[in-house]
Every structure is written in C-alpha cells, then in structure tokens.
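Source file entry_1.cif; content: mmCIF, C-alpha atoms and all ligand atoms.
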```
data_input
#
loop_
_atom_site.label_atom_id
_atom_site.label_comp_id
_atom_site.auth_asym_id
_atom_site.auth_seq_id
_atom_site.Cartn_x
_atom_site.Cartn_y
_atom_site.Cartn_z
CA MET A 279 -0.71 21.56 -21.33
CA GLN A 280 -3.09 20.21 -18.70
CA PHE A 281 -1.75 18.33 -15.69
CA ALA A 282 -2.98 16.91 -12.42
CA LEU A 283 -0.85 17.14 -9.32
CA GLY A 284 -0.56 13.89 -7.39
CA ILE A 285 0.52 13.74 -3.73
CA ASP A 286 1.53 10.56 -1.90
CA LEU A 287 1.69 11.54 1.77
CA GLY A 288 3.58 8.87 3.71
CA GLY A 289 4.97 8.68 7.22
CA THR A 290 8.57 8.83 5.99
CA SER A 291 8.33 11.04 2.92
CA THR A 292 5.83 12.96 0.86
CA LYS A 293 6.07 12.64 -2.92
CA LEU A 294 4.64 15.04 -5.47
CA ALA A 295 4.33 14.74 -9.23
CA LEU A 296 2.83 16.46 -12.24
CA ILE A 297 0.97 13.80 -14.20
CA ASP A 298 -0.80 14.00 -17.55
CA ALA A 299 -4.12 12.35 -18.41
CA ALA A 300 -2.36 9.26 -19.78
CA GLY A 301 -0.54 8.67 -16.49
CA HIS A 302 2.87 9.99 -17.52
CA ILE A 303 4.87 11.61 -14.74
CA VAL A 304 6.51 14.70 -16.23
CA ALA A 305 8.07 16.17 -13.08
CA ARG A 306 8.43 15.04 -9.50
CA SER A 307 9.85 16.01 -6.13
CA SER A 308 9.69 14.88 -2.52
CA PHE A 309 10.43 15.98 1.02
CA SER A 310 10.75 14.33 4.40
CA THR A 311 7.48 14.03 6.34
CA SER A 312 9.07 12.65 9.49
CA ASP A 313 11.34 15.71 9.86
CA ARG A 314 8.35 18.09 9.98
CA THR A 315 7.46 19.56 13.37
CA ASP A 316 3.69 19.92 12.83
CA GLU A 317 1.09 20.34 10.08
CA HIS A 318 1.96 24.03 9.57
CA ASP A 319 5.57 23.06 8.85
CA PHE A 320 4.27 20.26 6.60
CA PHE A 321 2.04 22.59 4.55
CA ARG A 322 4.94 25.04 4.18
CA PHE A 323 7.05 22.30 2.59
CA LEU A 324 4.12 20.99 0.55
CA PHE A 325 3.35 24.41 -0.97
CA GLU A 326 7.04 25.05 -1.67
CA GLY A 327 7.22 21.68 -3.40
CA ILE A 328 4.10 22.30 -5.50
CA ASP A 329 5.22 25.82 -6.43
CA GLY A 330 8.63 24.43 -7.38
CA LEU A 331 7.05 21.91 -9.76
CA LEU A 332 4.86 24.55 -11.36
CA ALA A 333 7.61 27.17 -11.71
CA GLY A 334 8.94 27.76 -15.16
CA GLN A 335 6.68 25.18 -16.79
CA ASP A 336 3.85 25.79 -19.21
CA VAL A 337 1.35 24.09 -16.95
CA GLN A 338 -2.39 24.33 -16.60
CA LEU A 339 -3.15 22.58 -13.33
CA VAL A 340 -6.59 20.91 -13.46
CA GLY A 341 -6.74 19.69 -9.87
CA ILE A 342 -4.88 18.15 -6.97
CA GLY A 343 -5.26 14.58 -5.71
CA ALA A 344 -3.73 13.10 -2.58
CA GLY A 345 -3.44 9.75 -0.88
CA ALA A 346 -2.69 9.72 2.86
CA PRO A 347 -3.12 7.57 5.95
CA SER A 348 -5.96 8.07 8.46
CA VAL A 349 -8.15 9.98 6.04
CA ASN A 350 -11.75 10.99 6.66
CA GLU A 351 -12.88 11.12 3.04
CA GLN A 352 -16.24 12.71 3.82
CA GLN A 353 -14.65 15.67 5.60
CA GLY A 354 -11.39 15.93 3.65
CA THR A 355 -9.40 15.66 6.87
CA ILE A 356 -6.53 13.57 8.24
CA GLU A 357 -7.43 12.40 11.73
CA ASN A 358 -5.38 10.80 14.52
CA ALA A 359 -2.61 9.70 12.16
CA ALA A 360 -0.27 7.58 14.26
CA ASN A 361 2.76 8.05 12.00
CA LEU A 362 2.39 11.73 11.08
CA PRO A 363 3.56 14.75 13.14
CA PHE A 364 0.05 16.24 13.00
CA SER A 365 -2.60 17.53 15.41
CA PRO A 366 -5.52 15.11 15.93
CA LYS A 367 -7.49 16.70 13.08
CA VAL A 368 -5.91 18.37 10.04
CA GLU A 369 -8.02 20.15 7.41
CA PHE A 370 -6.09 18.93 4.40
CA VAL A 371 -8.55 19.58 1.55
CA LYS A 372 -9.63 23.00 2.85
CA THR A 373 -6.04 24.19 3.39
CA VAL A 374 -4.80 23.12 -0.06
CA GLN A 375 -7.96 24.39 -1.76
CA GLU A 376 -7.62 27.82 -0.16
CA ARG A 377 -4.09 28.13 -1.41
CA TYR A 378 -4.59 27.00 -5.03
CA GLY A 379 -8.30 27.56 -5.73
CA LEU A 380 -8.56 24.19 -7.48
CA PRO A 381 -10.52 20.98 -6.86
CA VAL A 382 -8.68 18.93 -4.21
CA HIS A 383 -9.40 15.23 -3.63
CA LEU A 384 -8.21 13.13 -0.70
CA VAL A 385 -8.43 9.35 -0.28
CA LYS A 386 -6.73 6.89 2.03
CA ASP A 387 -3.33 5.75 0.80
CA SER A 388 -4.20 2.16 -0.13
CA ASN A 389 -7.22 3.38 -2.12
CA ALA A 390 -4.98 5.79 -4.01
CA SER A 391 -2.74 2.86 -4.95
CA SER A 392 -5.79 0.87 -6.08
CA LEU A 393 -6.89 3.74 -8.32
CA GLY A 394 -3.37 3.90 -9.76
CA GLU A 395 -3.35 0.19 -10.63
CA TRP A 396 -6.91 0.43 -11.93
CA HIS A 397 -6.42 3.34 -14.30
CA PHE A 398 -2.78 2.97 -15.29
CA GLY A 399 -1.42 -0.38 -14.07
CA ALA A 400 -1.93 -4.13 -13.68
CA ALA A 401 -5.70 -3.88 -13.11
CA LYS A 402 -6.44 -1.63 -16.08
CA GLY A 403 -9.91 -2.35 -17.46
CA MET A 404 -10.88 -4.73 -14.63
CA THR A 405 -14.26 -4.55 -12.87
CA ASN A 406 -13.36 -6.64 -9.81
CA PHE A 407 -9.90 -6.77 -8.24
CA LEU A 408 -8.06 -6.54 -4.94
CA LEU A 409 -4.85 -4.63 -4.39
CA LEU A 410 -2.59 -5.74 -1.56
CA THR A 411 0.32 -3.47 -0.65
CA LEU A 412 2.89 -5.44 1.29
CA GLY A 413 5.25 -3.08 3.08
CA THR A 414 5.82 -2.40 6.77
CA GLY A 415 2.15 -3.35 7.12
CA LEU A 416 -0.45 -4.70 4.71
CA GLY A 417 -2.65 -2.22 2.86
CA CYS A 418 -5.66 -3.24 0.82
CA GLY A 419 -7.93 -1.67 -1.77
CA ILE A 420 -11.02 -3.34 -3.15
CA VAL A 421 -12.72 -2.62 -6.46
CA ALA A 422 -16.03 -4.49 -6.67
CA ASN A 423 -18.60 -4.25 -9.45
CA GLY A 424 -16.60 -1.41 -10.99
CA ARG A 425 -16.49 0.75 -7.87
CA LEU A 426 -13.81 1.40 -5.31
CA LEU A 427 -15.14 0.12 -2.01
CA GLY A 428 -14.87 2.94 0.51
CA GLY A 429 -17.41 1.88 3.09
CA GLU A 430 -19.56 4.27 5.07
CA PHE A 431 -16.64 6.39 6.34
CA GLY A 432 -13.89 5.61 3.84
CA HIS A 433 -12.10 3.03 5.99
CA GLY A 434 -13.54 -0.12 4.45
CA GLY A 435 -11.29 -2.82 3.04
CA GLU A 436 -8.82 -2.97 5.95
CA ALA A 437 -7.75 -6.51 5.09
CA GLY A 438 -4.48 -6.08 6.99
CA HIS A 439 -6.53 -6.33 10.17
CA ILE A 440 -8.66 -9.38 9.50
CA CYS A 441 -7.87 -11.99 12.12
CA VAL A 442 -6.09 -15.01 10.64
CA GLN A 443 -4.91 -16.49 13.95
CA PRO A 444 -7.12 -16.00 17.02
CA GLY A 445 -4.87 -15.10 19.96
CA GLY A 446 -1.91 -14.79 17.60
CA ARG A 447 0.72 -12.08 17.24
CA ALA A 448 0.11 -8.65 18.81
CA CYS A 449 -0.79 -6.04 16.20
CA GLY A 450 -0.25 -2.28 16.19
CA CYS A 451 -4.05 -1.87 16.08
CA GLY A 452 -4.27 -3.32 19.58
CA ARG A 453 -5.69 -6.69 18.57
CA PHE A 454 -4.08 -10.11 18.02
CA GLY A 455 -3.51 -12.36 15.02
CA CYS A 456 -4.12 -9.75 12.29
CA LEU A 457 -3.07 -10.69 8.74
CA GLU A 458 -0.41 -7.96 8.59
CA THR A 459 1.40 -9.36 11.64
CA TYR A 460 2.21 -12.37 9.41
CA VAL A 461 2.09 -10.98 5.86
CA SER A 462 4.26 -7.85 5.63
CA ALA A 463 7.97 -7.06 5.79
CA THR A 464 7.67 -6.99 9.58
CA GLY A 465 5.57 -10.16 9.65
CA LEU A 466 8.18 -12.01 7.59
CA LYS A 467 10.86 -11.03 10.09
CA ARG A 468 8.72 -12.17 13.01
CA THR A 469 8.27 -15.50 11.23
CA VAL A 470 12.03 -15.85 10.79
CA PHE A 471 12.58 -15.29 14.51
CA GLU A 472 9.84 -17.74 15.37
CA LEU A 473 11.45 -20.35 13.12
CA MET A 474 14.86 -19.66 14.66
CA SER A 475 13.57 -20.31 18.15
CA ASN A 476 11.44 -23.34 17.22
CA SER A 477 13.90 -25.14 14.93
CA LEU A 478 17.58 -26.07 14.84
CA ILE A 479 18.05 -25.14 11.18
CA ALA A 480 21.40 -23.42 10.63
CA SER A 481 21.23 -20.06 8.90
CA PRO A 482 23.37 -16.92 8.54
CA LEU A 483 20.24 -15.01 9.62
CA ARG A 484 20.87 -16.25 13.17
CA SER A 485 23.72 -13.75 13.55
CA GLU A 486 21.42 -10.77 12.85
CA SER A 487 19.79 -8.84 15.65
CA TYR A 488 16.02 -8.35 15.58
CA ASP A 489 16.33 -4.62 15.01
CA GLY A 490 19.11 -5.08 12.45
CA MET A 491 17.34 -7.62 10.26
CA THR A 492 15.33 -6.38 7.28
CA ALA A 493 13.13 -8.14 4.72
CA ARG A 494 15.95 -7.58 2.26
CA HIS A 495 18.33 -9.73 4.36
CA ILE A 496 15.72 -12.50 4.36
CA PHE A 497 15.13 -12.10 0.63
CA GLU A 498 18.85 -12.32 -0.12
CA ALA A 499 19.26 -15.37 2.11
CA ALA A 500 16.31 -17.08 0.38
CA GLN A 501 17.77 -16.29 -3.03
CA SER A 502 20.99 -18.02 -2.07
CA GLY A 503 19.01 -21.08 -0.98
CA ASP A 504 18.92 -20.57 2.80
CA GLU A 505 16.46 -23.12 4.18
CA LEU A 506 15.20 -20.97 7.04
CA ALA A 507 14.53 -17.96 4.80
CA LEU A 508 12.75 -20.18 2.25
CA LEU A 509 10.60 -21.65 5.02
CA ALA A 510 9.69 -18.13 6.17
CA PHE A 511 8.58 -17.12 2.67
CA GLY A 512 6.66 -20.40 2.37
CA LYS A 513 4.80 -19.78 5.64
CA THR A 514 4.05 -16.18 4.62
CA GLY A 515 2.64 -17.30 1.26
CA GLU A 516 0.61 -20.05 2.94
CA ILE A 517 -1.13 -17.55 5.23
CA LEU A 518 -1.56 -14.96 2.47
CA GLY A 519 -2.98 -17.52 0.01
CA ARG A 520 -5.55 -18.71 2.54
CA ALA A 521 -6.57 -15.11 3.26
CA VAL A 522 -6.87 -14.39 -0.46
CA ALA A 523 -9.08 -17.47 -0.90
CA ASP A 524 -11.31 -16.15 1.90
CA MET A 525 -11.41 -12.68 0.34
CA ALA A 526 -12.33 -14.29 -2.98
CA ALA A 527 -15.33 -15.84 -1.26
CA TRP A 528 -16.50 -12.30 -0.49
CA PHE A 529 -15.51 -10.38 -3.60
CA GLU A 530 -14.74 -12.91 -6.37
CA PRO A 531 -12.05 -10.75 -7.97
CA GLU A 532 -10.68 -11.32 -11.44
CA ALA A 533 -7.24 -10.68 -10.00
CA VAL A 534 -5.30 -9.91 -6.87
CA VAL A 535 -2.55 -7.37 -7.57
CA MET A 536 0.38 -7.33 -5.15
CA SER A 537 2.62 -4.29 -4.72
CA GLY A 538 5.05 -2.93 -2.15
CA GLY A 539 8.52 -3.94 -1.06
CA LEU A 540 7.71 -7.50 -0.04
CA ALA A 541 5.93 -8.18 -3.36
CA MET A 542 9.26 -7.42 -5.05
CA ALA A 543 10.41 -10.82 -3.75
CA GLY A 544 8.59 -12.23 -6.79
CA ASP A 545 8.33 -16.03 -7.07
CA LEU A 546 9.62 -16.49 -3.52
CA LEU A 547 6.30 -15.10 -2.35
CA PHE A 548 3.99 -15.54 -5.35
CA VAL A 549 4.54 -19.31 -5.80
CA PRO A 550 3.57 -20.34 -2.23
CA THR A 551 0.75 -17.77 -2.23
CA VAL A 552 -0.85 -19.13 -5.40
CA ASP A 553 -0.33 -22.72 -4.24
CA SER A 554 -2.08 -21.99 -0.93
CA MET A 555 -4.85 -19.94 -2.56
CA GLU A 556 -5.67 -22.78 -4.96
CA ARG A 557 -5.81 -25.33 -2.12
CA HIS A 558 -8.05 -23.14 0.05
CA ALA A 559 -10.27 -21.57 -2.63
CA LEU A 560 -13.90 -22.55 -3.10
CA ALA A 561 -14.27 -25.13 -5.89
CA PHE A 562 -15.74 -22.63 -8.35
CA HIS A 563 -12.88 -20.19 -7.75
CA LYS A 564 -10.05 -22.68 -8.31
CA GLY A 565 -7.91 -21.88 -11.34
CA LYS A 566 -9.81 -18.65 -12.02
CA ILE A 567 -8.22 -15.92 -9.89
CA LYS A 568 -5.02 -14.34 -11.14
CA VAL A 569 -2.30 -13.18 -8.75
CA LEU A 570 -0.37 -10.41 -10.48
CA PRO A 571 2.54 -8.14 -9.57
CA SER A 572 2.01 -4.39 -9.76
CA THR A 573 3.20 -2.87 -13.03
CA LEU A 574 3.69 0.59 -11.55
CA GLY A 575 6.85 -0.07 -9.59
CA GLU A 576 7.25 0.15 -5.87
CA ASN A 577 6.66 3.86 -5.50
CA ASP A 578 4.34 5.30 -8.10
CA ALA A 579 0.96 3.59 -7.70
CA ALA A 580 -0.34 5.99 -5.05
CA LEU A 581 0.93 9.07 -6.92
CA LEU A 582 -0.74 7.95 -10.14
CA GLY A 583 -3.93 7.04 -8.30
CA ALA A 584 -3.99 10.46 -6.67
CA ALA A 585 -3.78 12.00 -10.15
CA ALA A 586 -6.48 9.60 -11.41
CA LEU A 587 -8.79 11.11 -8.76
CA VAL A 588 -8.48 14.39 -10.63
CA TRP A 589 -8.79 12.99 -14.15
CA LYS A 590 -11.77 10.73 -13.47
CA GLN A 591 -13.97 13.41 -11.92
ZN ZN B 601 -4.39 -5.29 13.46
#
```

Written form, structure tokens:
Amino acid sequence: MQFALGIDLGGTSTKLALIDAAGHIVARSSFSTSDRTDEHDFFRFLFEGIDGLLAGQDVQLVGIGAGAPSVNEQQGTIENAANLPFSPKVEFVKTVQERYGLPVHLVKDSNASSLGEWHFGAAKGMTNFLLLTLGTGLGCGIVANGRLLGGEFGHGGEAGHICVQPGGRACGCGRFGCLETYVSATGLKRTVFELMSNSLIASPLRSESYDGMTARHIFEAAQSGDELALLAFGKTGEILGRAVADMAAWFEPEAVVMSGGLAMAGDLLFVPTVDSMERHALAFHKGKIKVLPSTLGENDAALLGAAALVWKQ
C-alpha cells in the first residue's frame, strides 16, 4: 500500500507517522529533539525512526513531508532556529532526499498545521480560512483564495508578531506588544500575574510561583469559577477577538480555526473571543465569520499537513 511519511519537527520532540491518502495514521513514533547534540545526531535519530516505521510493513513510500520552525522553503533548509540544537543552516531536504531517494517537502510548522486542517480537518473544503495555533507562542497559517499564503520567502502570516499594544510586553522576537505576548499559554500567565499585582481579587493562583504556574493551573482555576482566572481568559479573548476582526479586514476568512493547548480551554476562550470579534468586526463581517476548534486534536495537525504536502503534489 502507498503511504506518505509525515514529520513534525518541534523544539521538544520530533514526531513521525505513516499516513495514507485519506489522512489515516497507520503507524507513528517520536524522539526527543531537545536531547540531540547537533543536526548529525538529529538525523541519526530521524533515519532510525523512519527505518523503524518502514521495517516489517508492506509499505510503498511515495514521499516525505515535514513541518519545522525557521524554514527557508525556497532552499529546503532550516536556518537560525532558536529552539533547535542545530548549526545556523541545516540542509534538511537535501540530507533526507539523499538517504531515501524520494521527493521531500519542507514547510514552516504553522503552515503544515494549516495544510492538515485544510485537507483533513476543520477547514476541509474551505477557500479562505485562518489557522491560529495557541501554544507557548501563537502560530498562524493563512489560506486565501484557495492558496496557502507563504509570502516571498515562506515566512508570511506571522500573526503572532503583529503589534496589538504599542510599547507593551517584551516579546521573544525583540519587539514589544506582539499578539503572542498576550494570546498564548505564556501570555495568559503573564495576564494572570498582571491581574494579581493590579487587583486585590483573592485566588488560589496567588500561591503559585511564576515558573511553577502553567496554563493548565489557570484553566482548572477558571473551571472551578475562580474570578481571577476567568478575568484572565476574558482579557485574552478580548485581545484575540480584536486581532481576528483586524485579520478579517485583510483576508475575509470563512472561518478561523483554533488549535493548540490553549484552544483546548474551549468556551473559556472561544466565548470571549467571538464576543470581542463581533464587537470589533467591520459591519459587513459581523455574524459571518466562524470561530472553530481544530478537529485534529492537539498533536496531529502538523503531521497530517506534512503528509498532505506529499499527497497534493
Ligand atoms: Zn514578537
């Protein structure tokens, strides 16, 4: 049987899967990326993982697709990746191609997730949609007029770094007030600490240290009705909804699909986001743009999108 191999290369772990043309994952494995010493060590583990998936199976591999951070799509390289133990420039496509003699495709991670949602998930059949991945940061993929927006160099659609608050919170990109410093798991925590210092609201969250607190703590507090946690989710949704309304002015999507750990908070985030989006949207966009949760689960969108790269060629 014919399969594509999908790779989701992340800073913490790298996931691999054999995926058929209908988007079914038939076998999978993973290994730690952060424990690798350099790219040579990484490729050793990657090839072992791929060989392990292929061993003993009646598999005809059609191609290999990968999603990764800091990708140069034109050159098939990974360049200056802040969270990977790599040299400044890694020849990903060339190295994998030389080993397997198959077509190898590489896109940036958030675009891989967009392709996954587009071909197999919540955005199936859509011509215009935005994907927002809310994790440690905020990733974005844009499909406009039936095409994935890559931009001139493949780095277009970096909505996590649009400025929503001039002079606001410091961002890892070196600028201030970026969307992801407010709307992400980390952004939510920063909002909680801001609320704790600016209000007198009692909350069990006050006994957590900054490093010890996670988005899950805040989610659980909100679920049990904690006022401070609910306020933090409300503020996060307010900022996200306004940003989505602005993005709608550019792209007029049919839907905004939200994935990633923070999106798993469900109504706690979706309700204030939709409320804010509707208040801030242009008149002719009000009531028209859907905000949908990913249907691919927290972990599989990028893997499936990486496989879609192979199947849609
Ligand atoms: Zn930024």

Report task. Using all atoms listed in the file, determine which residues fall within 8 Å of ligand ZN 601 (chain B), then list them as an MDAnalysis selection string. Result -> chainID A and resid 438:441 448:459

Requested in this report: Using all atoms listed in the file, determine which residues lie at most 9 Å from segment 461-467 of chain A, disregarding the query and same-chain residues fewer than 3 positions distant; provide the list as a list in words.
Outcome: Thr411, Leu412, Gly413, Thr414, Gly415, Leu416, Gly438, Leu457, Glu458, Val470, Phe471, Glu472, Tyr488, Met491, Thr492, Ala493, Arg494, Ile496, Ala510, Phe511, Lys513, Thr514, Gly515, Ile517, Leu518, Gly539 and Leu540 of chain A

Query raised in the report: Which of these, A:Glu556, A:Asp545, A:Asp286, A:Asp489, has the shortest distance to Val522 of chain A once you count only C-alpha atoms?
Result: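 With only C-alpha atoms as the atom set, the closest residue is A:Glu556.
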
Query raised in the report: With distances taken over only C-alpha atoms, which of A:Gln353, A:Gln375, A:Ser392, A:Ser475 is nearest to Val534 of chain A?
Result: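 Comparing A:Gln353, A:Gln375, A:Ser392, A:Ser475 against Val534 of chain A, the winner is A:Ser392.
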
Report summary line: From atom CA of Phe529 of chain A to atom CA of Ala559 of chain A the spacing works out at 12.4 Å

Requested in this report: Tell me which protein, DNA and RNA residues are within 8 Å of segment 290-293 of chain A, counting only C-alpha atoms, leaving out same-chain ones fewer than 5 positions away, and put them as a ChimeraX atom specification.
Outcome: /A:285,306-312,581

Query raised in the report: Which neighbours of segment 329-337 of chain A fall inside 8 Å, counting all atoms listed in the file, when residues of the same chain fewer than 5 positions from it are skipped, and could you give them as number ranges by chain?
Result: A: 279-281, 295-296, 305-307

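Counting only C-alpha atoms and comparing A:His495, A:Leu506, A:Gly512, A:Leu408, the residue that lies closest to Ser477 of chain A is A:Leu506.
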